[in-house]
$ cat target35.tsv   # TSV, C-alpha atoms
chain	number	residue	atom	x	y	z
M	1	MET	CA	89.53	104.78	127.48
M	2	ILE	CA	87.39	107.91	127.60
M	3	ILE	CA	89.39	111.12	127.08
M	4	SER	CA	87.91	113.78	129.33
M	5	GLY	CA	88.67	117.12	127.75
M	6	LYS	CA	87.23	118.69	130.87
M	7	GLU	CA	89.85	117.08	133.13
M	8	LEU	CA	92.77	117.60	130.71
M	9	SER	CA	91.88	121.25	130.14
M	10	ALA	CA	91.62	121.83	133.90
M	11	ARG	CA	95.18	120.56	134.35
M	12	LEU	CA	96.52	122.63	131.46
M	13	LYS	CA	94.71	125.78	132.64
M	14	ALA	CA	96.20	125.34	136.12
M	15	ASP	CA	99.69	125.24	134.56
M	16	MET	CA	98.90	128.34	132.49
M	17	ALA	CA	97.57	130.17	135.55
M	18	ALA	CA	100.86	129.53	137.37
M	19	GLU	CA	102.78	130.91	134.37
M	20	VAL	CA	100.54	133.97	133.92
M	21	ALA	CA	100.88	134.80	137.62
M	22	THR	CA	104.57	135.58	136.97
M	23	PHE	CA	103.84	137.98	134.08
M	24	PRO	CA	103.09	141.22	136.01
M	25	ALA	CA	106.54	141.10	137.62
M	26	ARG	CA	108.26	140.07	134.37
M	27	TYR	CA	106.32	142.07	131.78
M	28	GLY	CA	104.26	144.61	133.70
M	29	ARG	CA	100.86	143.12	132.88
M	30	VAL	CA	98.94	139.98	131.93
M	31	PRO	CA	97.73	139.01	128.42
M	32	HIS	CA	94.55	140.72	127.20
M	33	LEU	CA	91.95	138.95	125.04
M	34	ALA	CA	89.24	140.99	123.30
M	35	VAL	CA	86.15	139.09	122.13
M	36	ILE	CA	83.57	140.64	119.80
M	37	LEU	CA	80.06	139.20	120.02
M	38	VAL	CA	77.53	140.29	117.39
M	39	GLY	CA	73.89	139.52	118.15
M	40	GLU	CA	72.38	137.20	120.75
M	41	ASP	CA	72.70	133.74	119.21
M	42	PRO	CA	72.34	131.39	122.22
M	43	GLY	CA	75.23	129.17	121.14
M	44	SER	CA	77.53	132.15	120.58
M	45	VAL	CA	76.55	133.72	123.91
M	46	SER	CA	77.33	130.43	125.65
M	47	TYR	CA	80.73	130.12	123.96
M	48	VAL	CA	81.67	133.71	124.80
M	49	THR	CA	80.63	133.21	128.43
M	50	GLY	CA	82.82	130.08	128.55
M	51	LYS	CA	85.77	132.02	127.16
M	52	ALA	CA	85.37	134.73	129.79
M	53	LYS	CA	85.21	132.09	132.55
M	54	ALA	CA	88.35	130.34	131.26
M	55	SER	CA	90.17	133.69	131.04
M	56	ALA	CA	89.40	134.33	134.71
M	57	GLU	CA	90.65	130.87	135.65
M	58	VAL	CA	93.95	131.40	133.82
M	59	GLY	CA	94.39	135.01	134.94
M	60	ILE	CA	94.04	136.58	131.49
M	61	ARG	CA	92.27	139.92	131.11
M	62	ASN	CA	89.10	139.47	129.03
M	63	THR	CA	87.05	142.18	127.36
M	64	THR	CA	83.80	141.23	125.63
M	65	ILE	CA	82.49	143.81	123.15
M	66	ARG	CA	78.79	143.23	122.45
M	67	ARG	CA	77.04	144.70	119.43
M	68	PRO	CA	73.54	144.13	117.99
M	69	ASP	CA	73.15	142.02	114.86
M	70	THR	CA	72.13	145.20	113.02
M	71	ILE	CA	75.73	146.47	113.12
M	72	SER	CA	77.13	147.26	109.68
M	73	GLU	CA	80.18	145.54	108.28
M	74	GLU	CA	82.06	148.84	108.24
M	75	GLU	CA	81.28	149.48	111.91
M	76	LEU	CA	82.54	146.02	112.84
M	77	LEU	CA	85.70	146.49	110.78
M	78	GLY	CA	86.20	149.80	112.61
M	79	ILE	CA	86.13	148.01	115.97
M	80	VAL	CA	88.65	145.46	114.70
M	81	ALA	CA	90.92	148.29	113.48
M	82	GLU	CA	90.79	149.96	116.91
M	83	LEU	CA	91.75	146.70	118.63
M	84	ASN	CA	94.55	146.12	116.11
M	85	ALA	CA	95.98	149.54	116.99
M	86	ASP	CA	95.65	149.05	120.76
M	87	ALA	CA	99.03	147.88	122.11
M	88	GLY	CA	97.26	146.74	125.28
M	89	VAL	CA	95.29	144.07	123.38
M	90	ASP	CA	97.16	140.84	122.58
M	91	GLY	CA	94.41	138.66	121.12
M	92	ILE	CA	91.31	139.43	119.06
M	93	LEU	CA	88.48	136.96	118.51
M	94	VAL	CA	85.32	137.64	116.51
M	95	GLN	CA	82.70	135.07	117.53
M	96	LEU	CA	81.29	133.22	114.53
M	97	PRO	CA	78.84	132.94	112.87
M	98	LEU	CA	78.23	136.57	111.93
M	99	PRO	CA	74.96	137.95	110.51
M	100	ARG	CA	74.50	137.24	106.80
M	101	HIS	CA	75.05	140.85	105.73
M	102	ILE	CA	78.63	140.74	107.08
M	103	SER	CA	81.47	138.97	105.25
M	104	GLU	CA	83.17	136.64	107.73
M	105	GLU	CA	86.15	136.33	105.37
M	106	ARG	CA	86.64	140.11	105.24
M	107	VAL	CA	86.38	140.50	109.02
M	108	ILE	CA	88.80	137.64	109.75
M	109	ALA	CA	91.30	139.00	107.21
M	110	ALA	CA	91.09	142.42	108.90
M	111	ILE	CA	92.38	141.08	112.24
M	112	ASP	CA	96.10	141.67	112.80
M	113	LYS	CA	97.77	138.31	112.11
M	114	ALA	CA	99.81	138.70	115.30
M	115	LYS	CA	96.59	139.03	117.34
M	116	ASP	CA	94.62	136.27	115.56
M	117	VAL	CA	94.09	133.87	118.46
M	118	ASP	CA	91.67	131.71	116.44
M	119	GLY	CA	94.31	130.92	113.80
M	120	PHE	CA	91.83	131.75	111.02
M	121	HIS	CA	93.69	134.63	109.35
M	122	PRO	CA	94.72	133.75	105.76
M	123	LEU	CA	98.41	134.28	106.60
M	124	ASN	CA	98.19	131.98	109.63
M	125	VAL	CA	96.43	129.36	107.48
M	126	ALA	CA	99.16	129.68	104.83
M	127	ALA	CA	101.88	129.37	107.46
M	128	LEU	CA	100.26	126.19	108.83
M	129	TRP	CA	100.32	124.53	105.40
M	130	GLN	CA	103.90	125.67	104.77
M	131	LYS	CA	105.12	124.42	108.17
M	132	GLN	CA	105.99	127.94	109.28
M	133	PRO	CA	105.53	129.31	112.82
M	134	CYS	CA	101.90	130.35	113.28
M	135	THR	CA	98.92	130.43	115.60
M	136	LEU	CA	97.18	127.06	115.31
M	137	PRO	CA	93.37	126.89	115.19
M	138	CYS	CA	92.08	125.97	118.64
M	139	THR	CA	89.98	122.86	118.01
M	140	PRO	CA	92.54	120.97	115.86
M	141	LYS	CA	95.28	121.94	118.31
M	142	GLY	CA	93.18	120.62	121.19
M	143	ILE	CA	92.51	117.34	119.37
M	144	ILE	CA	96.23	116.65	118.92
M	145	LYS	CA	96.84	117.45	122.61
M	146	MET	CA	94.09	115.00	123.61
M	147	LEU	CA	95.49	112.22	121.44
M	148	LYS	CA	98.99	112.72	122.85
M	149	ALA	CA	97.70	112.91	126.44
M	150	ALA	CA	95.96	109.57	125.89
M	151	GLY	CA	99.22	108.06	124.64
M	152	VAL	CA	97.88	107.45	121.13
M	153	GLU	CA	100.68	106.73	118.65
M	154	LEU	CA	100.11	108.91	115.57
M	155	ALA	CA	103.10	108.20	113.34
M	156	GLY	CA	102.28	105.67	110.64
M	157	ARG	CA	98.66	105.24	111.76
M	158	GLU	CA	95.74	105.41	109.33
M	159	ALA	CA	93.61	108.44	110.18
M	160	VAL	CA	90.29	109.41	108.62
M	161	VAL	CA	88.83	112.89	109.08
M	162	VAL	CA	85.13	113.19	108.26
M	163	GLY	CA	84.51	116.84	107.38
M	164	ARG	CA	86.51	119.38	105.38
M	165	SER	CA	85.77	122.73	107.02
M	166	ASN	CA	88.45	125.41	107.26
M	167	ILE	CA	87.92	125.51	111.03
M	168	VAL	CA	88.35	121.81	111.90
M	169	GLY	CA	88.50	119.25	109.10
M	170	LEU	CA	91.27	120.62	106.91
M	171	PRO	CA	93.59	121.92	109.68
M	172	VAL	CA	93.28	118.76	111.81
M	173	ALA	CA	94.14	116.71	108.72
M	174	LYS	CA	97.27	118.85	108.28
M	175	LEU	CA	98.27	118.50	111.95
M	176	LEU	CA	97.84	114.72	111.73
M	177	LEU	CA	100.03	114.72	108.60
M	178	ASP	CA	102.64	116.72	110.52
M	179	GLU	CA	102.57	113.93	113.14
M	180	ASN	CA	103.30	111.45	110.30
M	181	ALA	CA	99.87	109.83	110.21
M	182	THR	CA	98.46	108.69	106.86
M	183	VAL	CA	95.37	110.84	106.41
M	184	THR	CA	92.17	110.49	104.37
M	185	VAL	CA	89.69	113.38	104.33
M	186	ALA	CA	86.13	112.15	103.79
M	187	HIS	CA	83.03	114.29	103.27
M	188	SER	CA	79.44	114.39	102.05
M	189	ARG	CA	80.43	113.33	98.52
M	190	THR	CA	82.61	110.41	99.59
M	191	ARG	CA	81.47	107.13	98.06
M	192	ASP	CA	81.02	104.19	100.43
M	193	LEU	CA	81.75	106.40	103.45
M	194	ALA	CA	81.33	103.50	105.90
M	195	GLU	CA	84.00	101.53	104.05
M	196	VAL	CA	86.39	104.48	104.34
M	197	THR	CA	85.71	105.12	108.04
M	198	ARG	CA	86.14	101.42	108.89
M	199	ARG	CA	89.75	101.68	107.68
M	200	ALA	CA	90.50	104.30	110.30
M	201	GLU	CA	92.71	103.53	113.26
M	202	ILE	CA	92.07	107.14	114.27
M	203	LEU	CA	88.67	108.60	113.30
M	204	VAL	CA	87.94	112.33	113.68
M	205	VAL	CA	84.35	113.33	112.97
M	206	ALA	CA	83.39	116.99	112.44
M	207	ILE	CA	80.29	117.29	110.28
M	208	GLY	CA	77.61	118.74	112.57
M	209	ARG	CA	75.04	115.95	112.16
M	210	PRO	CA	73.76	114.24	115.32
M	211	LYS	CA	74.80	110.60	115.75
M	212	PHE	CA	75.67	110.38	112.05
M	213	VAL	CA	78.49	107.86	112.53
M	214	THR	CA	77.07	104.52	113.66
M	215	ALA	CA	78.75	101.45	115.14
M	216	ASP	CA	78.94	99.62	111.79
M	217	MET	CA	81.09	102.50	110.43
M	218	VAL	CA	83.83	102.07	113.06
M	219	ALA	CA	86.55	99.42	113.29
M	220	GLU	CA	87.04	97.45	116.49
M	221	GLY	CA	89.66	99.19	118.62
M	222	ALA	CA	89.57	102.50	116.74
M	223	VAL	CA	90.38	105.84	118.37
M	224	VAL	CA	87.30	108.06	117.91
M	225	ILE	CA	87.38	111.85	118.30
M	226	ASP	CA	83.91	113.43	118.16
M	227	VAL	CA	83.98	117.17	117.40
M	228	GLY	CA	80.24	117.63	116.87
M	229	VAL	CA	77.95	119.46	119.28
M	230	ASN	CA	74.30	118.90	118.36
M	231	ARG	CA	70.89	118.52	119.91
M	232	ASP	CA	69.57	114.97	119.83
M	233	PRO	CA	66.29	115.27	117.88
M	234	GLU	CA	64.71	112.60	120.08
M	235	THR	CA	65.80	113.66	123.57
M	236	GLY	CA	66.81	117.29	123.06
M	237	LYS	CA	70.05	116.61	124.94
M	238	LEU	CA	73.51	117.51	123.66
M	239	CYS	CA	75.10	114.84	121.52
M	240	GLY	CA	77.99	114.47	119.11
M	241	ASP	CA	78.38	113.43	115.49
M	242	VAL	CA	78.90	109.80	116.51
M	243	ASP	CA	76.49	107.43	118.22
M	244	TYR	CA	78.45	107.36	121.47
M	245	ALA	CA	76.46	104.66	123.28
M	246	ALA	CA	76.84	102.22	120.39
M	247	ILE	CA	80.46	103.02	119.52
M	248	GLU	CA	82.00	103.35	123.00
M	249	PRO	CA	82.18	99.55	123.54
M	250	LYS	CA	84.04	99.11	120.21
M	251	ALA	CA	86.49	102.01	120.53
M	252	SER	CA	89.83	101.78	122.30
M	253	VAL	CA	89.73	105.55	122.95
M	254	ILE	CA	86.76	107.91	122.57
M	255	THR	CA	85.79	111.48	123.46
M	256	PRO	CA	82.40	112.25	125.03
M	257	VAL	CA	79.99	115.06	124.14
M	258	PRO	CA	79.76	117.24	126.10
M	259	GLY	CA	83.04	117.32	128.05
M	260	GLY	CA	85.38	116.16	125.27
M	261	VAL	CA	86.78	118.36	122.52
M	262	GLY	CA	84.83	121.49	123.56
M	263	PRO	CA	86.73	122.30	126.78
M	264	MET	CA	90.03	121.72	124.97
M	265	THR	CA	89.09	124.25	122.30
M	266	ILE	CA	88.68	126.98	124.91
M	267	CYS	CA	91.83	125.79	126.71
M	268	CYS	CA	93.83	126.18	123.50
M	269	LEU	CA	92.36	129.65	122.98
M	270	MET	CA	93.88	130.60	126.33
M	271	GLU	CA	97.20	129.10	125.27
M	272	ASN	CA	97.09	130.96	121.94
M	273	THR	CA	96.43	134.26	123.73
M	274	ILE	CA	99.46	133.69	125.95
M	275	GLU	CA	101.57	132.79	122.91
M	276	CYS	CA	100.53	135.99	121.07
M	277	PHE	CA	101.37	138.02	124.19
M	278	LEU	CA	104.82	136.41	124.55
M	279	ARG	CA	105.67	136.84	120.85
M	280	THR	CA	105.22	140.60	121.11
M	281	ARG	CA	107.28	140.68	124.32
M	282	LYS	CA	110.13	138.92	122.52
$ encode --input "target35.tsv" --output "structure tokens"
Amino acid sequence: MIISGKELSARLKADMAAEVATFPARYGRVPHLAVILVGEDPGSVSYVTGKAKASAEVGIRNTTIRRPDTISEEELLGIVAELNADAGVDGILVQLPLPRHISEERVIAAIDKAKDVDGFHPLNVAALWQKQPCTLPCTPKGIIKMLKAAGVELAGREAVVVGRSNIVGLPVAKLLLDENATVTVAHSRTRDLAEVTRRAEILVVAIGRPKFVTADMVAEGAVVIDVGVNRDPETGKLCGDVDYAAIEPKASVITPVPGGVGPMTICCLMENTIECFLRTRK
């Protein structure tokens, strides 16, 4: 079974659009997402364009604030402070990565926790690990939605997450634990990585290396979630962190790249923006 994040996200966005359409009558306005884009990194520009398109589909107001990569950290923090103070803004997203002279940690921590639609603020991260109400990071949240939509049983299953980033690896491991899976987090220093990944009934790969996971590293019938978005060095086409063509025949469930996890990440950003809006209304 191939999980199409594109199709699932389209269904979820249609449901959100129907809900948001009722907001002007109920609350006087629709949710407002502010996105800050620093510089002209092609990947970042593409992501921001996708977020604006999804906002339009769902009926959310989207404002993109563009600044050159020469902006100072203090100037950027000033923009964040203005958005924090603006009661008409419900969600704030600073597109990463930022230029090297700017501390991503400082900028993320400056965002009002209640408007942190990425779920990266230290207090949201702490709440996630303490099982408190919080905004969940978009990609891990989307992965769990995809698994559930595909009817994958999570409780009691052996899951392996390859990658330990704060954005995907660690939070998706925590969400899988919360679903009662038994979770192993593997990484670049893991010994006998193939032996570890072959144990996985559910394998989530998020390491940013094209076609790194090969067929011999995956058990027959495994569920494979590929988070990577890379350029194939041979063809120049988009590819994931797993060798899709070789692994697809072995897997019981697999996500493609593109069209898998990516659309669900943006879908969950829309959902998080709506959730932030509704929390303040309540």
$ closest_residue --input "target35.tsv" --among "M:Ala25, M:Leu147, M:Ala126, M:Val257" --to "Asp232 in chain M" --atoms "all atoms listed in the file"
M:Val257
$ atom_distance --input "target35.tsv" --atom1 "CA of Val261 in chain M" --atom2 "CA of Glu201 in chain M"
18.5 Å
$ closest_residue --input "target35.tsv" --among "M:Ala109, M:Leu12, M:Ile254, M:Ala186" --to "Ala81 in chain M" --atoms "all atoms listed in the file"
M:Ala109
$ closest_residue --input "target35.tsv" --among "M:Asn84, M:Ser55, M:Ser44, M:Ser103" --to "Ser72 in chain M" --atoms "only C-alpha atoms"
M:Ser103
$ residues_around --input "target35.tsv" --residues "Leu154 in chain M" --least-positions-apart "3" --cutoff "12 Å" --atoms "all atoms listed in the file" --output "list in words"
Ile143, Ile144, Lys145, Met146, Leu147, Lys148, Ala149, Ala150, Gly151, Arg157, Glu158, Ala159, Ala173, Leu175, Leu176, Leu177, Asp178, Glu179, Asn180, Ala181, Thr182, Val183, Ala200, Glu201, Ile202, Leu203 and Val223 of chain M
$ residues_around --input "target35.tsv" --residues "Gly163 in chain M" --least-positions-apart "4" --cutoff "6 Å" --atoms "all atoms listed in the file" --output "PyMOL selection string"
chain M and resi 169+187+206-207
$ residues_near_point --input "target35.tsv" --point "(91.8, 136.8, 129.5)" --cutoff "8 Å" --atoms "all atoms listed in the file" --output "PDB file with C-alpha atoms, keeping the file's coordinate frame"
ATOM      1  CA  PRO M  31      97.730 139.010 128.420  1.00  0.00           C
ATOM      2  CA  HIS M  32      94.550 140.720 127.200  1.00  0.00           C
ATOM      3  CA  LEU M  33      91.950 138.950 125.040  1.00  0.00           C
ATOM      4  CA  ALA M  34      89.240 140.990 123.300  1.00  0.00           C
ATOM      5  CA  ALA M  52      85.370 134.730 129.790  1.00  0.00           C
ATOM      6  CA  ALA M  54      88.350 130.340 131.260  1.00  0.00           C
ATOM      7  CA  SER M  55      90.170 133.690 131.040  1.00  0.00           C
ATOM      8  CA  ALA M  56      89.400 134.330 134.710  1.00  0.00           C
ATOM      9  CA  VAL M  58      93.950 131.400 133.820  1.00  0.00           C
ATOM     10  CA  GLY M  59      94.390 135.010 134.940  1.00  0.00           C
ATOM     11  CA  ILE M  60      94.040 136.580 131.490  1.00  0.00           C
ATOM     12  CA  ARG M  61      92.270 139.920 131.110  1.00  0.00           C
ATOM     13  CA  ASN M  62      89.100 139.470 129.030  1.00  0.00           C
ATOM     14  CA  THR M  63      87.050 142.180 127.360  1.00  0.00           C
ATOM     15  CA  MET M 270      93.880 130.600 126.330  1.00  0.00           C
ATOM     16  CA  THR M 273      96.430 134.260 123.730  1.00  0.00           C
TER      17      THR M 273
END
$ closest_residue --input "target35.tsv" --among "M:Gln130, M:Val160, M:Glu82, M:Asp226" --to "Val185 in chain M" --atoms "only C-alpha atoms"
M:Val160
$ closest_residue --input "target35.tsv" --among "M:Val20, M:Ile65, M:Leu278, M:Ile79" --to "Val107 in chain M" --atoms "all atoms listed in the file"
M:Ile79
$ atom_distance --input "target35.tsv" --atom1 "CA of Ile266 in chain M" --atom2 "CA of Thr139 in chain M"
8.1 Å
$ atom_distance --input "target35.tsv" --atom1 "CA of Ser188 in chain M" --atom2 "CA of Val227 in chain M"
16.2 Å
$ residues_around --input "target35.tsv" --residues "Val48 in chain M" --least-positions-apart "3" --cutoff "8 Å" --atoms "all atoms listed in the file" --output "PDB file with C-alpha atoms, keeping the file's coordinate frame"
ATOM      1  CA  VAL M  35      86.150 139.090 122.130  1.00  0.00           C
ATOM      2  CA  LEU M  37      80.060 139.200 120.020  1.00  0.00           C
ATOM      3  CA  SER M  44      77.530 132.150 120.580  1.00  0.00           C
ATOM      4  CA  VAL M  45      76.550 133.720 123.910  1.00  0.00           C
ATOM      5  CA  LYS M  51      85.770 132.020 127.160  1.00  0.00           C
ATOM      6  CA  ALA M  52      85.370 134.730 129.790  1.00  0.00           C
ATOM      7  CA  THR M  64      83.800 141.230 125.630  1.00  0.00           C
ATOM      8  CA  GLN M  95      82.700 135.070 117.530  1.00  0.00           C
TER       9      GLN M  95
END
